[in-house]
Structures are given as C-alpha cells and as structure tokens.
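Note sheet for the following structure.
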Amino acid sequence: MTQSPSSAVQPADWHNWSGSQRHRARVVAPTDVEQVVTAVHAARDAARTVRCVGSAHSFVPFWTDDVIVVLDALDGIRAVDRVRRTATIGAGTKLHALGPLLWAEGLSLPQQGDIDRQSLAGALSTGTHGTGRTLPSLPNFLIGMTLVTADGSVRELTRERDGELFRAAQVGQGVFGIMVDATVALDPAFNLHERTWSCPFAECAAEHAALIEHNRHFEFFWTPSTDACEMKVLNKTDAAPARLGEREYIAPAWQAFPSERDVRFNEMEYSVPFASGWDCFLELRAMLLRDFPKLPWPIEYRTLAADDILLSTAQGRETVTLSVHQGAERDYRPLFDAAEAICRNHAGRPHWGKLHRLESRDLAALYPHFAAFQRHRAALDPDGMFLNDYLRRLLVG
Ligand SMILES: Cc1cc2nc3c(=O)[nH]c(=O)nc-3n(C[C@H](O)[C@H](O)[C@H](O)COP(=O)(O)OP(=O)(O)OC[C@H]3O[C@@H](n4cnc5c(N)ncnc54)[C@H](O)[C@@H]3O)c2cc1C
C-alpha cells in the first residue's frame with residue numbers, strides 16, 4: 001500500500017522533548033522504504049522542506065513547519081552477522097528496544113549515553129556519546145547506512161567504499177537524506193559493574209584523573225548549589241548480574257548504561273581538547289558559583305576518544321565534554337551564553353543536538369574538513385530539501 005503524499009496530510013501541532021522547538025507541520029509516518037521514497041517525491045514536487053525526527057530529544061531547531069518524517073515504523077533488526085559481529089538495524093529503532101534485541105543475538109552496543117530513549121538514526125546523526133577515554137561516540141560504530149536522498153533514490157553507503165562521503169554523512173544532522181537503516185559494529189554481549197557515590201568537590205579534584213585512567217567509563221556531575229559531586233564508574237565484568245550494595249550492581253550493558261531523566265530541561269554541551277578539560281571546567285565552576293550559585297542543575301564531565309568523522313566534536317582530538325543544564329520552564333540564555341563564552345575560549349565544539357549559537361563561519365575555523373562536508377552535502381541535496389533556516393546558517397553560510 002502506498003501512503004498518501006505528504007501534501008495530503010493535514011498540519012498538526014508538534015514539539016520536541018524539552019518543548020524548546022514547536023511547529024505546526026505535516027507529520028508523515030512511512031511504514032516502509034517505498035513510502036519514504038513517495039514522501040520525498042511528494043515533498044520535492046511541492047517544494048517543501050523535509051526534516052526527520054527520531055525521538056525528538058534534540059534541543060536545537062532541527063525541524064520545520066513543512067514536512068516532519070517520523071521513522072518509528074522502520075524498526076527492529078534486519079540482519080545479523082555473528083561472525084563479523086555486525087547488525088543491520090531499522091533507523092527508527094529506539095535504543096531501549098535495541099538493547100534486548102541485540103542481547104538475544106549475543107551482542108551489545110560497545111558504548112551508550114546517559115539515556116536510551118533516542119532512535120538509532122537520531123543518536124548517530126548528532127554524534128551522541130557516552131563517556132570513556134578509549135571509547136568514541138556512537139557513530140564511530142557505524143559501518144554502513146541506507147539513505148533515501150533528495151532525488152528519491154535509495155543509496156547504500158559503506159565506510160569501506162565511500163570514504164570521505166561516508167565520514168561526512170556519519171554525523172549528518174539529517175542533511176544528507178533520510179536514513180532507513182544502519183549497519184553497526186558490535187561487541188560480544190557483556191555485563192557492566194556500576195558504582196556511584198557522592199563526594200565533596202575537593203575529593204573529585206584529587207581523584208578524577210586517576211578515575212579516568214583506570215575505568216572503562218568514568219563521569220562526574222558537579223552541582224553549584226551543593227558544590228558537591230556525583231561520581232559514576234562502569235567497567236566490563238565476567239561476573240553474573242547481582243546487586244552488590246545500595247549504589248553498586250552488575251547488569252547487562254544495555255540495562256546498566258542508561259539512567260532515568262524525568263524532569264525536563266534544556267542543555268548545552270561543548271567538547272574541548274582533553275588537555276583543556278579540567279581548566280575549562282574550573283572556569284565554568286567559578287562562573288557558576290559567582291553568577292548562578294543556587295542552580296540545582298549540574299555540569300556533567302565526560303571523556304571521549306578522538307575520531308576521523310568530519311563533523312564529530314572529537315574529530316582529530318581526544319576530548320572532554322562539558323554540559324550545562326537549565327530547567328525547561330526557565331530562560332536558559334543567561335546561563336548558556338556565559339558557559340558558551342568560556343568553552344569557546346578553549347576551542348570548544350558544540351554537541352549538534354544541544355543548544356548553541358554557532359554559525360558556518362565558526363565551523364570553518366573549528367573543523368579542518370568543513371569544506372569537504374559542505375561539498376558532499378551540496379552534491380546529495382543541491383536544492384536544500386533537507387535544510388531549514390537554522391541548518392542553512394550553520395552548514396551552508
Ligand atoms: C534527557 C536527554 C539525555 C541525553 N543524553 C545524552 C547523552 O548522554 N549523550 C549525548 O551525546 N547526547 C545526549 N542527549 C542528546 C541526544 O542524544 C541527541 O540529541 C539525539 O540526537 C537524540 O536522538 P533522537 O532520536 O531524539 O533524534 P532527534 O532529536 O529526533 O533528531 C536528531 C537529528 O537526527 C536527524 N534524524 C533523525 N532520524 C533520522 C533519519 N532516519 N534519517 C536522517 N536523519 C535523522 C534529525 O533530523 C535531527 O537532525 C540527550 C538528550 C536528552 C533530552
């Protein structure tokens with residue numbers, strides 16, 4: 001069955017997770033690749049902008065009043081290669097659904113972020129990451145993808161064959177086309193041992209460097225209103241799942257990685273070179289203690305391995321990521337503007353899903369391969385079907 005073209009769908013109210021982005025748009029929900037192609041042709045004929053949505057957990061203006069494409073129905077595992085430890089997965093699959101599906105195949109994602117509510121395509125497209133000095137962001141595990149491009153063709157890209165184009169589309173923010181599936185390199189299924197604890201800031205200052213070195217995953221959250229830290233380590237283990245204490249347990253990786261985030265907030269995150277991470281954090285801490293001493297939201301401090309993805313925030317450099325948060329009902333601008341000025345002084349690069357004020361001239365200075373990214377994007381979508389005003393300012397200029 002062919003779905004009605006996007007021009008026949010009536011506009012409806014739509015908003016993202018935090019409520020920072022709101023639209024009245026035609027929301028199209030294809031159930032197979034053929035319907036994605038139909039939606040692209042219909043949008044092109046009507047000269048409409050098309051923007052995909054996964055779980056709408058990004059904070060930035062990714063979307064449009066024209067056509068929003070929801071890929072929820074393109075979910076589940078399409079194929080597994082147990083020998084090479086790869087799986088081809090529907091782009092709309094939510095990470096929380098993917099975990100148990102992979103586990104049943106004896107496989108795990110090598111790395112995950114703080115939550116598992118994202119779709120696979122959405123997490124890949126913004127460079128979503130967890131923490132761990134030896135571990136890169138999620139798109140680094142991508143080895144192939146199928147895109148429906150602006151001319152309606154179905155195109156398979158692989159890391160092996162497509163070189164620089166692939167590395168451009170790996171963190172593509174939805175501007176290369178509609179991803180319908182992704183092939184990902186995986187680890188054998190593993191358990192994680194998690195331990196969390198609270199400590200005064202001075203203890204974190206003394207211990208954080210050793211904790212980064214000696215744990216597969218370490219992160220901490222420091223909060224201005226308490227000047228204290230919440231610490232978290234996770235390590236692979238062969239031991240069986242068990243509760244070991246009030247704040248210590250062993251569980252399958254897909255259960256241990258994510259946490260609950262019930263209270264809505266807005267977020268800004270910058271990646272700075274690893275060597276600048278602690279100094280940048282200290283400047284942020286001083287600013288927050290001076291100007292926002294009652295802020296109940298933390299700075300989150302994480303690490304990330306270097307990679308070669310054209311617009312990855314860890315491109316060419318080992319990284320510390322620093323994020324600030326503000327309640328969804330509050331004006332985030334004063335806090336985020338002050339934090340952004342500090343992070344930019346450390347050659348910071350913004351997380352693509354989180355709020356920032358950068359434009360294309362800034363990216364040209366931060367990313368040595370930005371011109372190549374622009375060239376590949378323009379070749380696949382010369383008329384800018386997948387660009388809105390925000391993305392045009394950011395990626396085209
Ligand atoms: C509570 C919370 C916790 C978070 N924790 C972390 C964390 O620990 N680490 C981290 O790095 N980030 C984190 N984020 C940010 C989040 O991971 C990213 O914003 C991610 O992109 C959200 O995934 P999504 O499925 O909601 O994608 P969306 O926000 O819906 O979309 C993101 C981008 O992907 C594009 N896209 C989506 N689907 C497709 C598709 N099929 N084809 C082409 N393009 C597509 C969209 O057009 C858009 O450009 C968090 C966000 C929230 C709200």
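Each chain in the structure tokens gets a letter, A, B and so on, in the order shown; residues start at 1 in every chain, and ligands are counted from 1 in the order they appear.
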| message | Which residues are near ligand 1 in this structure, taking near to mean any atom at most 8 Å from a ligand atom and counting only C-alpha atoms and all ligand atoms? Format them as a PyMOL selection string. | response | chain A and resi 16-18+51-59+62-63+70-71+91-92+94+112-115+117-130+137+147+172-181+260-262+264-267+351-354
| request: Report the residues of range 16-175 of chain A whose backbone DSSP state falls under alpha helix (DSSP H), written as a ChimeraX atom specification. | output: /A:33-45,95-104,120-125,159-169
| In Å, how far is it from CA of Gly316 in chain A to CA of Ala379 in chain A? |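 It comes out at 24.7 Å.
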| Long-range neighbours of range 296-300 of chain A as a PyMOL selection string, 12 Å cut-off, only C-alpha atoms, 3 positions minimum in chain | chain A and resi 114+130-131+218-232+263-271+277-278+280-289+292-293+303+320-328+330+332+335-336+339
Show me, as a Markdown table, the residues of range 48-166 of chain A having an atom within 12 Å of range 236-248 of chain A, each with the closest atom pair and its distance in Å, using only C-alpha atoms.
```
| residue | atom | partner | partner_atom | distance |
| --- | --- | --- | --- | --- |
| A:Ser108 | CA | A:Lys236 | CA | 11.7 |
| A:Pro110 | CA | A:Lys236 | CA | 10.3 |
| A:Gln111 | CA | A:Lys236 | CA | 11.1 |
```
Store the residues picked out above, limited to all heavy atoms, as a compact mmCIF listing (two decimals), in the first residue's frame.
```txt
# COMPACT_ATOMS: atom_id res chain seq x y z
N SER A 108 26.20 -6.64 22.01
CA SER A 108 25.91 -5.38 22.73
C SER A 108 26.48 -4.21 21.95
O SER A 108 27.55 -4.35 21.32
CB SER A 108 26.58 -5.36 24.11
OG SER A 108 25.98 -6.25 25.01
N PRO A 110 28.86 -1.26 21.94
CA PRO A 110 30.06 -1.10 22.78
C PRO A 110 29.95 0.06 23.76
O PRO A 110 30.63 0.08 24.79
CB PRO A 110 31.17 -0.81 21.76
CG PRO A 110 30.63 -1.24 20.44
CD PRO A 110 29.14 -1.08 20.52
N GLN A 111 29.08 1.03 23.46
CA GLN A 111 29.05 2.27 24.23
C GLN A 111 27.66 2.86 24.13
O GLN A 111 27.00 2.72 23.10
CB GLN A 111 30.11 3.22 23.63
CG GLN A 111 30.08 4.66 24.07
CD GLN A 111 30.52 4.84 25.52
OE1 GLN A 111 30.07 4.09 26.40
NE2 GLN A 111 31.35 5.81 25.78
```
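Minimum atom-to-atom distance to Ala314 in chain A, evaluated using only C-alpha atoms, belongs to A:Val171 out of A:Ala256, A:Val171, A:Leu211, A:Leu380.
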| What is the CA of Glu34 in chain A to CA of Arg84 in chain A distance in Å? |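 Calculated distance between CA of Glu34 in chain A and CA of Arg84 in chain A is 29.2 Å.
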| Pick from A:Asn215, A:Gly132, A:Val33, A:Glu329, whichever lies nearest to Arg195 in chain A using only C-alpha atoms | A:Asn215
| task | Would you mind telling me which residue in A:Asp66, A:Asn388, A:Thr313, A:Ile143 lies nearest to Ala46 in chain A when using only C-alpha atoms? | result |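 When distances to Ala46 in chain A are compared using only C-alpha atoms, the smallest one comes from A:Asp66.
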| message | Report, in Å with one decimal, the straight-line distance from CA of Arg361 in chain A to CA of Asp307 in chain A. | response |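 For CA of Arg361 in chain A relative to CA of Asp307 in chain A, the distance reads 22.5 Å.
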| task | Run DSSP on the backbone of this structure and report the residues of range 84-244 of chain A it assigns to strand (DSSP E or B), as a ChimeraX atom specification. | result | /A:86-90,94,107-108,119,142-148,154-158,178-185,187-188,191-200,217-223,228-237,242-244
| Which polymer residues have any atom within 12 Å of an atom of Asp389 in chain A, counting only C-alpha atoms, with same-chain residues fewer than 3 positions away left out, as a ChimeraX atom specification? | /A:49,51,60-65,359,384-386,392-397
Close residues, Phe166 in chain A itself excluded, 7 Å, only C-alpha atoms, min 6 positions apart in chain, as a tab-separated table (two decimals) with C-alpha atoms, in the first residue's frame:
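result.tsv, freshly written:
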```tsv
chain	number	residue	atom	x	y	z
A	157	LEU	CA	26.89	3.96	1.73
A	158	THR	CA	29.64	1.94	3.39
A	159	ARG	CA	32.66	3.04	5.37
```
